[in-house]
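S.K.: Got a structure for you, written out below as structure tokens; questions coming shortly.
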Amino acid sequence: MIKPLIHYGLHFGLPLAIALIGFKKNWLKAYSIMLCAFIIDLDHLLATPMFDPNRCSINFHPLHSTYAIIAYIILLLPKITRLFALGLLAHIFSDAIDCLLI
């Protein structure tokens, strides 16, 4: 029961913390953009079964791979993609913590 709380708490709480601390004036816009990074979970549709609570997403799904993570880090550089990249990396961090809890 605690694992899903931690997992989803991080998925929603970490971007919120980043938005509130780093983007005080426009925190809601920043938070919304970072939440759009959930789109990387579309790669779960390629897996069988689609959801396995005992599977680590990191390096299993294509958009959770090391190569993808490197691309997300590069996306931090241009200002126009920075918030989305922060959302992607917060998502990856949350999934990595979930892997530690398995």
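Naming scheme: A, B, ... for chains in displayed order of the structure tokens; residues 1 onward per chain; ligands 1 onward as shown.
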Identify, on the basis of only C-alpha atoms, every residue whose closest approach to region 27-35 of chain A does not exceed 10 Å; exclude the query and any residue fewer than 3 positions from it along the same chain; express the result as an mmCIF file with C-alpha atoms, in the first residue's frame.
M.R.:
data_model
loop_
_atom_site.group_PDB
_atom_site.id
_atom_site.type_symbol
_atom_site.label_atom_id
_atom_site.label_comp_id
_atom_site.auth_asym_id
_atom_site.auth_seq_id
_atom_site.Cartn_x
_atom_site.Cartn_y
_atom_site.Cartn_z
ATOM 1 C CA HIS A 11 4.938 11.644 -9.847
ATOM 2 C CA PHE A 12 2.657 14.512 -8.838
ATOM 3 C CA GLY A 13 4.511 16.008 -5.867
ATOM 4 C CA LEU A 14 8.014 16.357 -7.310
ATOM 5 C CA PRO A 15 6.930 18.468 -10.312
ATOM 6 C CA LEU A 16 4.749 20.513 -7.961
ATOM 7 C CA ALA A 17 7.706 21.164 -5.657
ATOM 8 C CA ILE A 18 9.902 22.122 -8.615
ATOM 9 C CA ALA A 19 7.190 24.475 -9.906
ATOM 10 C CA LEU A 20 6.557 26.113 -6.530
ATOM 11 C CA ILE A 21 10.247 26.566 -5.721
ATOM 12 C CA GLY A 22 11.684 27.366 -9.146
ATOM 13 C CA PHE A 23 8.805 29.064 -10.924
ATOM 14 C CA LYS A 24 6.918 30.922 -8.199
ATOM 15 C CA PHE A 38 3.383 11.738 -18.431
ATOM 16 C CA ILE A 39 3.105 11.176 -22.163
ATOM 17 C CA THR A 81 11.985 22.694 -23.731
ATOM 18 C CA ARG A 82 13.355 23.084 -20.197
ATOM 19 C CA LEU A 83 10.084 22.686 -18.269
ATOM 20 C CA PHE A 84 9.040 19.650 -20.271
ATOM 21 C CA ALA A 85 12.508 18.146 -19.772
ATOM 22 C CA LEU A 86 12.260 18.780 -16.037
ATOM 23 C CA GLY A 87 8.944 16.943 -16.066
ATOM 24 C CA LEU A 88 10.462 14.038 -17.994
ATOM 25 C CA LEU A 89 13.395 13.780 -15.600
ATOM 26 C CA ALA A 90 11.149 14.068 -12.537
ATOM 27 C CA HIS A 91 9.078 11.235 -14.011
#
S.K.: Could you tell me how far CA of Cys56 (chain A) sits from CA of Ile69 (chain A), in Å to one decimal place?
M.R.: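 Result for CA of Ile69 (chain A) versus CA of Cys56 (chain A): 14.9 Å, one decimal.
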S.K.: May I ask for the distance between CA of Ile97 (chain A) and CA of His61 (chain A), given in Å to one decimal place?
M.R.: 15.9 Å
S.K.: DSSP on the backbone: what in chain A comes out alpha helix (DSSP H), as a ChimeraX atom specification?
M.R.: /A:2-22,27-35,66-74,79-101
S.K.: Considering only C-alpha atoms, can you say which of A:Phe93, A:His7, A:Asn26, A:His44 comes closest to Tyr72 (chain A)?
M.R.: A:Phe93
S.K.: Tell me which of A:Ser94, A:Leu100, A:Ala71, A:Pro78 sits closest to Gly9 (chain A), counting only C-alpha atoms.
M.R.: A:Ser94
S.K.: I want to know what sits within 12 Å of Asn54 (chain A), based on only C-alpha atoms, with residues of the same chain fewer than 6 positions away left out; could you give that as a PyMOL selection string?
M.R.: chain A and resi 3-4+95+98-102
S.K.: Since we have the selection now, will you write its residues out, keeping N, CA, C and O atoms, as a short mmCIF file (atom, residue, chain, number, x, y, z; two decimals), in the first residue's frame?
M.R.:
data_model
loop_
_atom_site.label_atom_id
_atom_site.label_comp_id
_atom_site.auth_asym_id
_atom_site.auth_seq_id
_atom_site.Cartn_x
_atom_site.Cartn_y
_atom_site.Cartn_z
N LYS A 3 3.90 1.61 -1.35
CA LYS A 3 4.61 1.78 -2.62
C LYS A 3 3.83 2.65 -3.61
O LYS A 3 4.41 3.59 -4.18
N PRO A 4 2.54 2.40 -3.85
CA PRO A 4 1.80 3.29 -4.76
C PRO A 4 1.71 4.72 -4.25
O PRO A 4 1.74 5.66 -5.05
N ASP A 95 10.14 6.98 -11.24
CA ASP A 95 10.15 5.58 -11.63
C ASP A 95 11.39 4.86 -11.10
O ASP A 95 11.32 3.67 -10.75
N ASP A 98 10.75 3.98 -7.61
CA ASP A 98 9.84 2.84 -7.62
C ASP A 98 10.61 1.54 -7.84
O ASP A 98 10.30 0.52 -7.23
N CYS A 99 11.62 1.57 -8.70
CA CYS A 99 12.44 0.39 -8.94
C CYS A 99 13.17 -0.04 -7.67
O CYS A 99 13.32 -1.25 -7.41
N LEU A 100 13.60 0.91 -6.90
CA LEU A 100 14.28 0.59 -5.64
C LEU A 100 13.33 -0.05 -4.64
O LEU A 100 13.77 -0.80 -3.75
N LEU A 101 12.06 0.23 -4.76
CA LEU A 101 11.06 -0.29 -3.82
C LEU A 101 10.56 -1.69 -4.20
O LEU A 101 9.82 -2.30 -3.42
N ILE A 102 10.94 -2.16 -5.37
CA ILE A 102 10.49 -3.49 -5.81
C ILE A 102 11.21 -4.55 -4.99
O ILE A 102 12.35 -4.52 -4.76
#
S.K.: What does the structure give for the distance between CA of Tyr8 (chain A) and CA of Pro53 (chain A), in Å to one decimal?
M.R.: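 Separating CA of Tyr8 (chain A) from CA of Pro53 (chain A) is a distance of 12.7 Å.
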S.K.: Extract, using only C-alpha atoms, all DNA, RNA and protein residues at most 9 Å from His64 (chain A), discarding same-chain residues fewer than 2 positions from it, and format them as a list in words.
M.R.: Ile40, Asp41, Asp43, Ser57, Ile58, Asn59, Phe60, His61, Pro62, Thr66, Tyr67, Ala68, Ile69, Ile92 and Asp95 of chain A
S.K.: Mind dumping the selected residues with N, CA and C atoms as an mmCIF file, in the first residue's frame?
M.R.:
data_model
loop_
_atom_site.group_PDB
_atom_site.id
_atom_site.type_symbol
_atom_site.label_atom_id
_atom_site.label_comp_id
_atom_site.auth_asym_id
_atom_site.auth_seq_id
_atom_site.Cartn_x
_atom_site.Cartn_y
_atom_site.Cartn_z
ATOM 1 N N ILE A 40 5.259 10.119 -21.712
ATOM 2 C CA ILE A 40 6.266 9.070 -21.924
ATOM 3 C C ILE A 40 5.761 7.704 -21.474
ATOM 4 N N ASP A 41 4.705 7.677 -20.708
ATOM 5 C CA ASP A 41 4.149 6.389 -20.289
ATOM 6 C C ASP A 41 3.374 5.695 -21.409
ATOM 7 N N ASP A 43 4.714 4.419 -23.813
ATOM 8 C CA ASP A 43 5.507 3.252 -24.177
ATOM 9 C C ASP A 43 5.086 2.000 -23.397
ATOM 10 N N SER A 57 10.479 0.089 -14.753
ATOM 11 C CA SER A 57 10.297 0.754 -16.051
ATOM 12 C C SER A 57 11.611 1.206 -16.668
ATOM 13 N N ILE A 58 12.575 1.547 -15.811
ATOM 14 C CA ILE A 58 13.851 2.074 -16.301
ATOM 15 C C ILE A 58 14.571 0.994 -17.102
ATOM 16 N N ASN A 59 14.911 1.336 -18.324
ATOM 17 C CA ASN A 59 15.579 0.451 -19.281
ATOM 18 C C ASN A 59 14.741 -0.749 -19.696
ATOM 19 N N PHE A 60 13.452 -0.742 -19.392
ATOM 20 C CA PHE A 60 12.551 -1.763 -19.926
ATOM 21 C C PHE A 60 11.742 -1.173 -21.078
ATOM 22 N N HIS A 61 11.176 -0.002 -20.856
ATOM 23 C CA HIS A 61 10.379 0.675 -21.876
ATOM 24 C C HIS A 61 11.281 1.627 -22.670
ATOM 25 N N PRO A 62 11.034 1.784 -23.967
ATOM 26 C CA PRO A 62 11.914 2.620 -24.803
ATOM 27 C C PRO A 62 12.041 4.074 -24.347
ATOM 28 N N THR A 66 18.140 4.462 -21.158
ATOM 29 C CA THR A 66 19.293 5.337 -20.921
ATOM 30 C C THR A 66 19.435 6.359 -22.046
ATOM 31 N N TYR A 67 19.232 5.922 -23.287
ATOM 32 C CA TYR A 67 19.341 6.846 -24.428
ATOM 33 C C TYR A 67 18.284 7.944 -24.348
ATOM 34 N N ALA A 68 17.084 7.569 -23.971
ATOM 35 C CA ALA A 68 16.021 8.563 -23.832
ATOM 36 C C ALA A 68 16.348 9.541 -22.706
ATOM 37 N N ILE A 69 16.870 9.030 -21.608
ATOM 38 C CA ILE A 69 17.223 9.884 -20.465
ATOM 39 C C ILE A 69 18.303 10.893 -20.869
ATOM 40 N N ILE A 92 11.181 10.173 -14.598
ATOM 41 C CA ILE A 92 12.198 9.119 -14.579
ATOM 42 C C ILE A 92 12.700 8.901 -13.158
ATOM 43 N N ASP A 95 10.138 6.978 -11.238
ATOM 44 C CA ASP A 95 10.150 5.577 -11.634
ATOM 45 C C ASP A 95 11.389 4.860 -11.098
#
